[in-house]
file entry-v1.csv (CSV, C-alpha atoms)
chain,number,residue,atom,x,y,z
A,1,MET,CA,1.3,-29.3,-28.2
A,2,LYS,CA,2.9,-25.9,-27.9
A,3,ARG,CA,-0.5,-24.2,-28.0
A,4,SER,CA,-1.8,-26.4,-25.3
A,5,HIS,CA,1.2,-25.6,-23.2
A,6,HIS,CA,0.5,-21.9,-23.5
A,7,ARG,CA,-3.1,-22.4,-22.6
A,8,HIS,CA,-2.0,-24.3,-19.5
A,9,SER,CA,0.3,-21.4,-18.5
A,10,PHE,CA,-2.5,-18.9,-19.0
A,11,VAL,CA,-4.7,-20.9,-16.7
A,12,CYS,CA,-2.0,-21.2,-14.0
A,13,ALA,CA,-1.2,-17.5,-14.2
A,14,GLY,CA,-4.9,-16.6,-14.0
A,15,ALA,CA,-5.4,-18.9,-11.0
A,16,LEU,CA,-2.4,-17.4,-9.2
A,17,LEU,CA,-3.5,-13.9,-9.9
A,18,LEU,CA,-6.9,-14.7,-8.5
A,19,LEU,CA,-5.3,-16.2,-5.4
A,20,ALA,CA,-3.1,-13.2,-4.9
A,21,ALA,CA,-6.1,-10.8,-5.2
A,22,THR,CA,-8.1,-12.9,-2.7
A,23,LEU,CA,-5.2,-13.0,-0.2
A,24,ALA,CA,-4.6,-9.2,-0.6
A,25,ARG,CA,-8.3,-8.5,0.0
A,26,ALA,CA,-8.4,-10.8,3.1
A,27,GLU,CA,-5.2,-9.3,4.5
A,28,LEU,CA,-6.2,-5.7,4.0
A,29,LYS,CA,-9.8,-6.4,5.4
A,30,LEU,CA,-11.4,-4.1,2.9
A,31,PRO,CA,-14.9,-3.0,3.9
A,32,PRO,CA,-17.7,-4.7,2.0
A,33,MET,CA,-18.9,-2.8,-1.0
A,34,GLU,CA,-22.3,-1.5,0.0
A,35,PRO,CA,-24.7,0.5,-2.0
A,36,HIS,CA,-24.8,4.0,-0.5
A,37,ALA,CA,-25.6,7.6,-1.3
A,38,ILE,CA,-23.8,9.2,-4.2
A,39,ALA,CA,-20.5,10.4,-3.0
A,40,GLN,CA,-20.9,14.0,-4.3
A,41,ASP,CA,-24.1,15.2,-5.8
A,42,SER,CA,-23.6,19.0,-5.9
A,43,ARG,CA,-22.4,21.6,-8.3
A,44,TRP,CA,-21.1,24.8,-6.7
A,45,ASN,CA,-23.2,27.9,-7.4
A,46,VAL,CA,-20.3,30.1,-6.1
A,47,ARG,CA,-16.7,30.4,-6.9
A,48,ILE,CA,-13.6,31.5,-5.0
A,49,GLY,CA,-13.5,35.3,-5.2
A,50,ASP,CA,-17.3,35.7,-5.3
A,51,PRO,CA,-19.1,37.7,-2.6
A,52,ALA,CA,-20.6,35.1,-0.3
A,53,PRO,CA,-24.4,34.9,-0.6
A,54,ASP,CA,-25.7,36.4,2.6
A,55,PHE,CA,-28.3,34.6,4.7
A,56,SER,CA,-30.0,34.5,8.1
A,57,LEU,CA,-30.9,31.2,9.7
A,58,PRO,CA,-32.2,30.1,13.1
A,59,ALA,CA,-29.6,28.7,15.5
A,60,ILE,CA,-30.1,26.1,18.2
A,61,ASP,CA,-29.5,28.7,20.9
A,62,GLY,CA,-32.7,30.5,19.8
A,63,SER,CA,-30.9,33.4,18.1
A,64,THR,CA,-30.9,34.3,14.4
A,65,PHE,CA,-27.5,34.0,12.7
A,66,VAL,CA,-26.8,36.6,10.1
A,67,LEU,CA,-23.8,35.8,7.9
A,68,SER,CA,-23.0,39.4,6.9
A,69,GLU,CA,-22.8,40.4,10.6
A,70,ALA,CA,-20.6,37.4,11.4
A,71,TRP,CA,-17.9,38.0,8.8
A,72,LYS,CA,-17.3,41.5,10.1
A,73,ARG,CA,-16.1,39.9,13.3
A,74,GLY,CA,-13.6,37.6,11.5
A,75,PRO,CA,-13.3,34.9,8.9
A,76,VAL,CA,-16.3,32.5,8.8
A,77,VAL,CA,-16.0,28.8,8.0
A,78,LEU,CA,-19.3,27.3,6.9
A,79,SER,CA,-19.5,23.6,7.5
A,80,PHE,CA,-22.3,22.0,5.5
A,81,VAL,CA,-23.0,18.4,6.7
A,82,PRO,CA,-25.5,15.9,5.4
A,83,ALA,CA,-27.6,15.0,8.4
A,84,ALA,CA,-27.9,14.9,12.2
A,85,TRP,CA,-27.3,11.7,14.2
A,86,THR,CA,-24.9,10.3,11.6
A,87,PRO,CA,-21.4,9.1,12.6
A,88,VAL,CA,-19.2,11.1,10.2
A,89,CYS,CA,-21.1,14.4,10.8
A,90,SER,CA,-21.0,13.8,14.6
A,91,GLY,CA,-17.3,13.2,14.5
A,92,GLN,CA,-16.5,16.1,12.3
A,93,TRP,CA,-18.4,18.6,14.5
A,94,LYS,CA,-17.1,17.2,17.7
A,95,GLY,CA,-13.6,17.6,16.3
A,96,TYR,CA,-14.3,21.2,15.4
A,97,ASP,CA,-15.7,21.7,18.9
A,98,LEU,CA,-12.4,20.7,20.3
A,99,LEU,CA,-10.6,23.3,18.3
A,100,ALA,CA,-12.2,26.5,19.6
A,101,GLU,CA,-8.8,27.8,20.7
A,102,GLU,CA,-7.2,27.0,17.3
A,103,PHE,CA,-9.9,28.8,15.4
A,104,GLY,CA,-9.8,31.6,17.9
A,105,ASP,CA,-6.2,32.2,17.1
A,106,TYR,CA,-7.4,33.4,13.7
A,107,ASP,CA,-10.5,35.2,15.0
A,108,ALA,CA,-12.4,32.6,12.9
A,109,GLN,CA,-15.8,31.3,13.6
A,110,ILE,CA,-16.9,27.9,12.5
A,111,VAL,CA,-20.6,27.6,11.7
A,112,GLY,CA,-22.4,24.3,11.2
A,113,LEU,CA,-25.4,23.9,8.9
A,114,THR,CA,-27.8,21.0,8.1
A,115,VAL,CA,-31.3,20.7,6.7
A,116,ASP,CA,-32.6,19.2,10.0
A,117,ASN,CA,-35.1,21.1,12.1
A,118,LEU,CA,-34.2,22.8,15.3
A,119,PRO,CA,-35.5,20.2,17.8
A,120,THR,CA,-33.6,17.5,16.0
A,121,LEU,CA,-30.4,19.6,16.0
A,122,ARG,CA,-30.8,20.4,19.7
A,123,ALA,CA,-31.3,16.8,20.7
A,124,TRP,CA,-28.3,15.7,18.5
A,125,THR,CA,-25.9,18.3,19.9
A,126,ASP,CA,-27.1,17.7,23.5
A,127,ALA,CA,-26.3,14.0,22.9
A,128,MET,CA,-22.8,15.1,21.9
A,129,ASP,CA,-22.4,17.0,25.2
A,130,GLY,CA,-22.9,20.3,23.4
A,131,ILE,CA,-21.2,22.1,20.5
A,132,HIS,CA,-19.6,25.5,21.2
A,133,PHE,CA,-20.1,27.0,17.7
A,134,PRO,CA,-23.3,28.2,16.1
A,135,VAL,CA,-25.4,25.3,14.7
A,136,LEU,CA,-28.0,26.5,12.1
A,137,SER,CA,-31.1,24.9,10.7
A,138,ASP,CA,-31.7,25.2,7.0
A,139,PHE,CA,-34.9,23.3,7.4
A,140,TYR,CA,-37.5,25.6,5.9
A,141,PRO,CA,-37.7,26.6,3.1
A,142,HIS,CA,-36.0,23.3,2.8
A,143,GLY,CA,-32.2,23.7,2.1
A,144,GLU,CA,-32.6,27.2,0.7
A,145,VAL,CA,-29.2,28.3,1.8
A,146,ALA,CA,-27.5,25.1,0.7
A,147,ALA,CA,-29.2,25.4,-2.7
A,148,ARG,CA,-27.9,29.0,-3.1
A,149,TYR,CA,-24.3,27.8,-2.5
A,150,GLY,CA,-24.9,24.7,-4.7
A,151,VAL,CA,-24.6,22.0,-2.0
A,152,LEU,CA,-28.1,20.7,-1.8
A,153,ARG,CA,-28.2,17.2,-2.9
A,154,GLY,CA,-30.8,15.6,-5.1
A,155,ASP,CA,-31.9,13.4,-2.1
A,156,GLY,CA,-32.6,16.5,0.0
A,157,MET,CA,-29.6,16.4,2.2
A,158,MET,CA,-26.6,18.7,2.1
A,159,ASP,CA,-23.4,17.6,0.7
A,160,ARG,CA,-20.4,17.6,3.0
A,161,ALA,CA,-18.7,20.9,2.1
A,162,LEU,CA,-16.6,23.8,3.5
A,163,VAL,CA,-16.7,27.4,2.6
A,164,VAL,CA,-14.2,29.9,4.0
A,165,ILE,CA,-15.3,33.6,3.9
A,166,ASP,CA,-13.0,36.5,4.7
A,167,ARG,CA,-13.8,39.7,6.7
A,168,GLU,CA,-15.0,41.4,3.5
A,169,GLY,CA,-17.5,38.7,2.8
A,170,ILE,CA,-15.5,37.2,-0.1
A,171,ILE,CA,-15.3,33.4,-0.6
A,172,ARG,CA,-11.6,32.4,-0.2
A,173,ALA,CA,-11.8,28.6,-0.1
A,174,LEU,CA,-14.3,25.9,-1.2
A,175,TYR,CA,-14.1,22.2,-0.5
A,176,LEU,CA,-16.5,19.5,-1.5
A,177,SER,CA,-16.0,16.1,0.1
A,178,ASP,CA,-17.3,12.6,-0.4
A,179,ILE,CA,-20.4,12.4,1.7
A,180,ASP,CA,-18.8,9.6,3.7
A,181,VAL,CA,-15.4,11.2,4.2
A,182,ARG,CA,-14.5,14.0,6.6
A,183,PRO,CA,-12.7,16.9,5.0
A,184,PRO,CA,-9.1,17.2,6.2
A,185,LEU,CA,-8.6,19.9,8.9
A,186,ASP,CA,-5.7,21.1,6.8
A,187,VAL,CA,-8.2,22.7,4.3
A,188,ILE,CA,-9.5,25.0,7.0
A,189,MET,CA,-6.2,25.8,8.7
A,190,ASP,CA,-4.4,26.4,5.4
A,191,ALA,CA,-7.2,28.9,4.3
A,192,LEU,CA,-7.1,30.7,7.7
A,193,GLU,CA,-3.3,30.9,7.6
A,194,THR,CA,-3.5,32.5,4.1
A,195,LEU,CA,-6.1,35.0,5.4
A,196,LYS,CA,-3.9,35.8,8.3
A,197,GLY,CA,-1.1,36.8,5.9
A,198,ASP,CA,-3.4,39.2,3.9
B,1,MET,CA,6.3,-21.2,-18.9
B,2,ARG,CA,7.2,-17.5,-19.1
B,3,PHE,CA,3.7,-16.6,-17.9
B,4,PHE,CA,3.9,-19.0,-15.1
B,5,ILE,CA,7.2,-17.4,-13.8
B,6,LEU,CA,5.8,-13.9,-14.2
B,7,ALA,CA,2.7,-14.9,-12.2
B,8,CYS,CA,4.8,-16.5,-9.5
B,9,ALA,CA,6.9,-13.3,-9.2
B,10,PHE,CA,3.7,-11.2,-9.0
B,11,VAL,CA,2.3,-13.4,-6.2
B,12,SER,CA,5.6,-13.4,-4.3
B,13,ALA,CA,5.8,-9.5,-4.5
B,14,THR,CA,2.2,-9.2,-3.3
B,15,LEU,CA,2.7,-11.4,-0.3
B,16,SER,CA,6.0,-9.7,0.5
B,17,ALA,CA,4.3,-6.3,0.4
B,18,LEU,CA,1.6,-7.5,2.7
B,19,SER,CA,3.9,-9.0,5.3
B,20,ALA,CA,5.7,-5.6,5.8
B,21,SER,CA,3.9,-3.1,8.0
B,22,PRO,CA,2.6,0.2,6.4
B,23,ARG,CA,5.0,3.1,6.2
B,24,LEU,CA,4.1,6.0,8.5
B,25,PRO,CA,5.5,9.5,8.7
B,26,ALA,CA,8.5,9.7,11.1
B,27,SER,CA,8.3,13.4,12.2
B,28,PHE,CA,9.6,12.7,15.7
B,29,SER,CA,11.9,14.6,18.0
B,30,ALA,CA,15.3,13.2,18.7
B,31,GLU,CA,14.2,12.0,22.1
B,32,GLN,CA,11.1,10.2,20.6
B,33,ARG,CA,13.3,8.6,17.9
B,34,THR,CA,15.5,7.2,20.6
B,35,GLN,CA,12.5,5.9,22.5
B,36,LEU,CA,11.5,4.0,19.4
B,37,GLY,CA,15.0,2.9,18.4
B,38,LEU,CA,14.8,4.9,15.2
B,39,GLU,CA,17.8,7.2,16.0
B,40,ALA,CA,19.9,5.7,13.3
B,41,SER,CA,17.3,6.2,10.6
B,42,GLU,CA,17.2,9.3,8.5
B,43,GLN,CA,14.2,8.2,6.5
B,44,PRO,CA,11.1,10.4,6.5
B,45,ASP,CA,8.9,7.4,7.1
B,46,PHE,CA,9.2,4.1,9.0
B,47,GLY,CA,7.6,0.7,9.4
B,48,LEU,CA,7.0,-1.1,12.8
B,49,GLU,CA,9.5,-3.8,11.8
B,50,GLU,CA,12.3,-1.2,12.0
B,51,LEU,CA,11.8,-0.6,15.8
B,52,THR,CA,14.5,-2.1,17.9
B,53,GLU,CA,12.3,-3.3,20.8
B,54,THR,CA,10.4,-6.6,21.0
B,55,ARG,CA,7.5,-5.0,22.8
B,56,LEU,CA,5.5,-1.9,21.9
B,57,VAL,CA,2.3,-0.3,23.1
B,58,LEU,CA,0.4,1.0,20.0
B,59,VAL,CA,-2.5,3.4,20.4
B,60,LEU,CA,-4.8,4.1,17.5
B,61,PHE,CA,-6.8,7.3,18.0
B,62,ASP,CA,-8.7,9.8,15.9
B,63,LEU,CA,-9.0,13.5,16.5
B,64,TYR,CA,-12.7,13.4,15.6
B,65,CYS,CA,-13.5,10.5,17.9
B,66,PRO,CA,-15.3,11.7,21.1
B,67,VAL,CA,-14.4,8.5,23.0
B,68,CYS,CA,-10.7,9.1,22.1
B,69,GLN,CA,-11.1,12.6,23.5
B,70,LYS,CA,-12.5,11.2,26.7
B,71,SER,CA,-9.8,8.6,26.9
B,72,ALA,CA,-6.9,11.0,26.2
B,73,GLU,CA,-6.0,11.8,29.8
B,74,ASN,CA,-5.7,8.1,30.6
B,75,LEU,CA,-3.6,7.6,27.5
B,76,ARG,CA,-1.3,10.4,28.7
B,77,GLN,CA,-1.1,8.7,32.1
B,78,LEU,CA,-0.3,5.4,30.5
B,79,HIS,CA,2.7,6.9,28.7
B,80,VAL,CA,3.9,8.4,32.0
B,81,ALA,CA,3.6,5.0,33.7
B,82,LEU,CA,5.3,3.2,30.9
B,83,THR,CA,8.2,5.7,30.9
B,84,GLU,CA,8.7,5.2,34.7
B,85,GLN,CA,8.0,1.5,35.1
B,86,PHE,CA,8.8,-0.1,31.7
B,87,PRO,CA,11.3,2.1,29.9
B,88,ASN,CA,12.0,-0.7,27.4
B,89,THR,CA,8.4,-0.7,26.2
B,90,PRO,CA,7.9,2.3,24.0
B,91,MET,CA,4.5,3.7,23.2
B,92,LEU,CA,3.5,4.9,19.8
B,93,ALA,CA,0.3,6.8,19.1
B,94,VAL,CA,-1.2,6.9,15.6
B,95,GLY,CA,-3.9,9.1,14.3
B,96,SER,CA,-5.9,6.5,12.4
B,97,GLY,CA,-7.7,8.2,9.5
B,98,ASP,CA,-6.1,11.5,10.4
B,99,THR,CA,-3.8,13.8,8.5
B,100,PRO,CA,-0.4,14.6,10.2
B,101,LEU,CA,-1.9,18.0,11.2
B,102,GLU,CA,-5.0,16.3,12.8
B,103,ALA,CA,-2.8,13.8,14.7
B,104,ALA,CA,-0.5,16.5,15.9
B,105,THR,CA,-3.4,18.7,17.0
B,106,PHE,CA,-4.9,15.8,19.1
B,107,ALA,CA,-1.5,15.3,20.8
B,108,ARG,CA,-1.1,19.0,21.5
B,109,LYS,CA,-4.6,19.4,22.8
B,110,PHE,CA,-4.2,16.6,25.3
B,111,GLU,CA,-0.5,17.1,26.1
B,112,LEU,CA,0.5,13.6,24.8
B,113,ALA,CA,4.3,13.4,25.0
B,114,MET,CA,4.7,10.0,23.3
B,115,PRO,CA,5.8,9.7,19.7
B,116,VAL,CA,2.7,10.5,17.5
B,117,THR,CA,2.2,9.9,13.8
B,118,SER,CA,-0.7,9.5,11.4
B,119,ASP,CA,-2.1,6.8,9.2
B,120,ARG,CA,-4.6,8.5,6.9
B,121,GLU,CA,-5.5,5.2,5.2
B,122,ARG,CA,-6.0,3.3,8.5
B,123,ALA,CA,-3.6,0.6,7.2
B,124,LEU,CA,-2.4,-0.2,10.7
B,125,ALA,CA,-5.9,-0.7,12.0
B,126,SER,CA,-6.5,-3.0,9.1
B,127,ALA,CA,-3.3,-4.9,9.7
B,128,PHE,CA,-4.1,-5.5,13.4
B,129,ASP,CA,-7.8,-5.9,12.9
B,130,ALA,CA,-8.7,-3.0,15.1
B,131,SER,CA,-12.1,-1.7,14.2
B,132,LYS,CA,-12.7,0.9,16.9
B,133,THR,CA,-10.8,3.9,18.2
B,134,PRO,CA,-9.3,4.3,20.6
B,135,ALA,CA,-7.5,1.0,20.3
B,136,VAL,CA,-4.7,0.2,22.7
B,137,LEU,CA,-2.7,-2.8,21.5
B,138,LEU,CA,0.3,-4.5,23.2
B,139,LEU,CA,2.4,-5.8,20.4
B,140,GLU,CA,5.1,-8.4,21.1
B,141,ARG,CA,7.6,-10.5,19.0
B,142,ALA,CA,10.1,-13.1,19.9
B,143,SER,CA,12.9,-11.2,18.2
B,144,THR,CA,13.4,-8.2,16.0
B,145,ASP,CA,13.4,-10.2,12.8
B,146,LYS,CA,9.9,-11.5,13.5
B,147,PRO,CA,6.6,-9.5,13.0
B,148,PHE,CA,4.8,-8.0,15.9
B,149,GLU,CA,1.7,-9.8,17.1
B,150,VAL,CA,-1.1,-8.5,19.3
B,151,THR,CA,-0.9,-10.1,22.7
B,152,TRP,CA,-3.3,-7.7,24.6
B,153,SER,CA,-5.8,-5.2,23.4
B,154,ARG,CA,-8.5,-2.8,24.4
B,155,GLU,CA,-10.8,-1.2,21.9
B,156,GLY,CA,-13.2,1.6,22.9
B,157,TYR,CA,-13.1,3.8,26.0
B,158,PHE,CA,-9.7,3.4,27.7
B,159,GLY,CA,-10.3,3.9,31.4
B,160,HIS,CA,-8.2,3.6,34.6
B,161,GLU,CA,-9.1,-0.1,34.9
B,162,HIS,CA,-7.7,-0.8,31.4
B,163,LEU,CA,-4.6,1.2,32.2
B,164,ASP,CA,-4.1,-0.9,35.4
B,165,ALA,CA,-4.8,-4.1,33.5
B,166,LEU,CA,-2.2,-3.4,30.9
B,167,LEU,CA,0.4,-2.4,33.5
B,168,ALA,CA,-0.3,-5.6,35.4
B,169,ARG,CA,0.1,-7.6,32.3
B,170,LEU,CA,3.5,-6.0,31.6
B,171,GLY,CA,4.6,-6.4,35.2
B,172,HIS,CA,3.6,-10.1,35.2
B,173,GLU,CA,5.6,-10.7,32.0
B,174,GLN,CA,8.6,-8.9,33.5
B,175,ARG,CA,8.6,-11.2,36.6

call {"tool": "encode", "arguments": {"input": "entry-v1.csv", "output": "structure tokens"}}
result
Amino acid sequence: MKRSHHRHSFVCAGALLLLAATLARAELKLPPMEPHAIAQDSRWNVRIGDPAPDFSLPAIDGSTFVLSEAWKRGPVVLSFVPAAWTPVCSGQWKGYDLLAEEFGDYDAQIVGLTVDNLPTLRAWTDAMDGIHFPVLSDFYPHGEVAARYGVLRGDGMMDRALVVIDREGIIRALYLSDIDVRPPLDVIMDALETLKGD
Amino acid sequence: MRFFILACAFVSATLSALSASPRLPASFSAEQRTQLGLEASEQPDFGLEELTETRLVLVLFDLYCPVCQKSAENLRQLHVALTEQFPNTPMLAVGSGDTPLEAATFARKFELAMPVTSDRERALASAFDASKTPAVLLLERASTDKPFEVTWSREGYFGHEHLDALLARLGHEQR
């Protein structure tokens, strides 16, 4: 009899816990679990304190961007993003576009990179009413720069990552984000504030 | 029986936690605390249930949302209009998905003078079923011991016509 009573209590408790979990999920309106790309698929090939691998890539304005020339003008923030025309990437760069003055306070240059080709990047940034910072195409050889830094994913896109480089060309901050999550602005501003104090 | 009581206690605690609004950082100026009725609180965070008014205009924005950037001037004008015409209806702007730095940066860029805070986990958007930014929500409650309910909302671009519609709604209620 006692054993049966315990079994009954277990069943009741289980049912109530299930109910609580269902209510909590309904109330919080969690997004549905969908299969999507692997959150992070990269392994850095560089470390903080390393010289930044130099590169030159075509920019959407027709120029060629040379990293080692850029860092002489001030700190450089490389923003690797997965793909053009995607919502998180569009929001991230449109946010940085708004912050030209803030980055300018540190003489810093934000530089955007994807593996998309130039016409795609031009169409995308035009659709966003323009982007003030250099947008570079790492299209061919496919993702070569991303691979050198270690942020080229197995699916051929870039991971969502930030690299902060000082005026001497030394890597001072690295941040690898979930592909679906914007990196906090704090990562960039904290790094630039540290560089300002050096 | 012991298991049954424990399970009931768990369910009760869960439901109670869900009925309270999320805690948000309360890094406001003294004037902004007064606007929200939080001047007596010294806590570093707050929940909407602690506000002393029965009506609140809640704005959910995101620094990285281009439509929010385009709507920012009208949000600024809405705050000016509320301050002049409906001083008992405070306005609270929340950077939904933003860090405190990101929310503060948006406010500074667009000269928003209303109290601004951040909700990194988008808990308020979830609680009020707001799926887009910007979202402008008129929240009302019968008395301060009742939870706020959404009585008017606009999600997406917030234009002059939406500003006028909200002010008309508030004016109609005041009459």

call {"tool": "residues_around", "arguments": {"input": "entry-v1.csv", "residues": "segment 134-143 of chain A", "least_positions_apart": "6", "cutoff": "7 Å", "atoms": "all atoms listed in the file", "output": "number ranges by chain"}}
result
A: 57-60, 111-118, 152

call {"tool": "closest_residue", "arguments": {"input": "entry-v1.csv", "among": "A:Pro183, A:Pro75, A:Pro82, A:Gly62", "to": "chain B", "atoms": "all atoms listed in the file"}}
result
A:Pro183

call {"tool": "atom_distance", "arguments": {"input": "entry-v1.csv", "atom1": "atom CA of Asp186 of chain A", "atom2": "atom CA of Leu78 of chain A"}}
result
14.9 Å

call {"tool": "residues_around", "arguments": {"input": "entry-v1.csv", "residues": "Val46 of chain A", "least_positions_apart": "6", "cutoff": "9 Å", "atoms": "all atoms listed in the file", "output": "list in words"}}
result
Ala52, Pro53, Arg148, Tyr149, Gly150, Ile171 and Leu174 of chain A

call {"tool": "closest_residue", "arguments": {"input": "entry-v1.csv", "among": "B:Ser21, B:Asn88, B:Thr83, B:Gln35", "to": "Pro115 of chain B", "atoms": "all atoms listed in the file"}}
result
B:Gln35

call {"tool": "residues_around", "arguments": {"input": "entry-v1.csv", "residues": "Gly37 of chain B", "least_positions_apart": "2", "cutoff": "7 Å", "atoms": "only C-alpha atoms", "output": "list in words"}}
result
Arg33, Thr34, Gln35, Glu39, Leu51 and Thr52 of chain B

call {"tool": "residues_near_point", "arguments": {"input": "entry-v1.csv", "point": "(-6.5, 3.2, 4.5)", "cutoff": "10 Å", "atoms": "all atoms listed in the file", "output": "ChimeraX atom specification"}}
result
/A:28,30 /B:22,96-97,119-126

call {"tool": "closest_residue", "arguments": {"input": "entry-v1.csv", "among": "B:Pro100, B:Gly47, B:Pro25, B:Gly95", "to": "chain A", "atoms": "all atoms listed in the file"}}
result
B:Pro100

call {"tool": "residues_around", "arguments": {"input": "entry-v1.csv", "residues": "Glu102 of chain A", "least_positions_apart": "2", "cutoff": "12 Å", "atoms": "only C-alpha atoms", "output": "PDB file with C-alpha atoms, in the coordinates of the input"}}
result
ATOM      1  CA  GLY A  95     -13.600  17.600  16.300  1.00  0.00           C
ATOM      2  CA  TYR A  96     -14.300  21.200  15.400  1.00  0.00           C
ATOM      3  CA  ASP A  97     -15.700  21.700  18.900  1.00  0.00           C
ATOM      4  CA  LEU A  98     -12.400  20.700  20.300  1.00  0.00           C
ATOM      5  CA  LEU A  99     -10.600  23.300  18.300  1.00  0.00           C
ATOM      6  CA  ALA A 100     -12.200  26.500  19.600  1.00  0.00           C
ATOM      7  CA  GLY A 104      -9.800  31.600  17.900  1.00  0.00           C
ATOM      8  CA  ASP A 105      -6.200  32.200  17.100  1.00  0.00           C
ATOM      9  CA  TYR A 106      -7.400  33.400  13.700  1.00  0.00           C
ATOM     10  CA  ASP A 107     -10.500  35.200  15.000  1.00  0.00           C
ATOM     11  CA  ALA A 108     -12.400  32.600  12.900  1.00  0.00           C
ATOM     12  CA  GLN A 109     -15.800  31.300  13.600  1.00  0.00           C
ATOM     13  CA  ILE A 110     -16.900  27.900  12.500  1.00  0.00           C
ATOM     14  CA  LEU A 185      -8.600  19.900   8.900  1.00  0.00           C
ATOM     15  CA  ILE A 188      -9.500  25.000   7.000  1.00  0.00           C
ATOM     16  CA  MET A 189      -6.200  25.800   8.700  1.00  0.00           C
ATOM     17  CA  LEU A 192      -7.100  30.700   7.700  1.00  0.00           C
ATOM     18  CA  GLU A 193      -3.300  30.900   7.600  1.00  0.00           C
TER      19      GLU A 193
ATOM     20  CA  GLU B 102      -5.000  16.300  12.800  1.00  0.00           C
ATOM     21  CA  THR B 105      -3.400  18.700  17.000  1.00  0.00           C
ATOM     22  CA  PHE B 106      -4.900  15.800  19.100  1.00  0.00           C
ATOM     23  CA  ARG B 108      -1.100  19.000  21.500  1.00  0.00           C
ATOM     24  CA  LYS B 109      -4.600  19.400  22.800  1.00  0.00           C
TER      25      LYS B 109
END

call {"tool": "residues_around", "arguments": {"input": "entry-v1.csv", "residues": "Asp166 of chain A", "least_positions_apart": "5", "cutoff": "9 Å", "atoms": "all atoms listed in the file", "output": "list in words"}}
result
Trp71, Lys72, Gly74, Pro75, Val76, Val77, Ile171, Arg172, Leu192 and Leu195 of chain A

call {"tool": "atom_distance", "arguments": {"input": "entry-v1.csv", "atom1": "atom CA of Leu82 of chain B", "atom2": "atom CA of Ala107 of chain B"}}
result
17.2 Å

call {"tool": "atom_distance", "arguments": {"input": "entry-v1.csv", "atom1": "atom CA of Ala161 of chain A", "atom2": "atom CA of Asp41 of chain A"}}
result
11.1 Å

call {"tool": "closest_residue", "arguments": {"input": "entry-v1.csv", "among": "B:Asp62, B:Glu149, B:Glu161, B:Glu155", "to": "chain A", "atoms": "all atoms listed in the file"}}
result
B:Asp62

call {"tool": "closest_residue", "arguments": {"input": "entry-v1.csv", "among": "B:Tyr157, B:Phe86, B:Phe28, B:Phe110", "to": "chain A", "atoms": "all atoms listed in the file"}}
result
B:Phe110

call {"tool": "closest_residue", "arguments": {"input": "entry-v1.csv", "among": "B:Ala127, B:Asp164, B:Pro44, B:Leu60", "to": "chain A", "atoms": "all atoms listed in the file"}}
result
B:Ala127

call {"tool": "build_atoms", "arguments": {"input": "entry-v1.csv", "residues": "segment 39-50 of chain A", "atoms": "N, CA and C atoms", "output": "CSV table (one decimal), in the coordinates of the input"}}
result
chain,number,residue,atom,x,y,z
A,39,ALA,N,-21.5,9.8,-3.8
A,39,ALA,CA,-20.5,10.4,-3.0
A,39,ALA,C,-20.6,11.9,-3.0
A,40,GLN,N,-20.8,12.5,-4.2
A,40,GLN,CA,-20.9,14.0,-4.3
A,40,GLN,C,-22.0,14.2,-5.3
A,41,ASP,N,-22.9,15.1,-4.9
A,41,ASP,CA,-24.1,15.2,-5.8
A,41,ASP,C,-24.4,16.7,-6.0
A,42,SER,N,-23.4,17.5,-5.9
A,42,SER,CA,-23.6,19.0,-5.9
A,42,SER,C,-22.8,19.6,-7.0
A,43,ARG,N,-23.2,20.8,-7.4
A,43,ARG,CA,-22.4,21.6,-8.3
A,43,ARG,C,-22.4,23.0,-7.7
A,44,TRP,N,-21.2,23.5,-7.3
A,44,TRP,CA,-21.1,24.8,-6.7
A,44,TRP,C,-21.9,25.9,-7.5
A,45,ASN,N,-22.6,26.7,-6.8
A,45,ASN,CA,-23.2,27.9,-7.4
A,45,ASN,C,-22.3,29.2,-7.2
A,46,VAL,N,-21.2,29.0,-6.4
A,46,VAL,CA,-20.3,30.1,-6.1
A,46,VAL,C,-18.9,29.7,-6.5
A,47,ARG,N,-18.1,30.7,-6.6
A,47,ARG,CA,-16.7,30.4,-6.9
A,47,ARG,C,-15.8,31.2,-5.9
A,48,ILE,N,-14.5,30.8,-5.8
A,48,ILE,CA,-13.6,31.5,-5.0
A,48,ILE,C,-13.4,32.9,-5.6
A,49,GLY,N,-13.5,33.9,-4.7
A,49,GLY,CA,-13.5,35.3,-5.2
A,49,GLY,C,-14.8,36.0,-5.3
A,50,ASP,N,-15.9,35.2,-5.3
A,50,ASP,CA,-17.3,35.7,-5.3
A,50,ASP,C,-17.6,36.3,-4.0
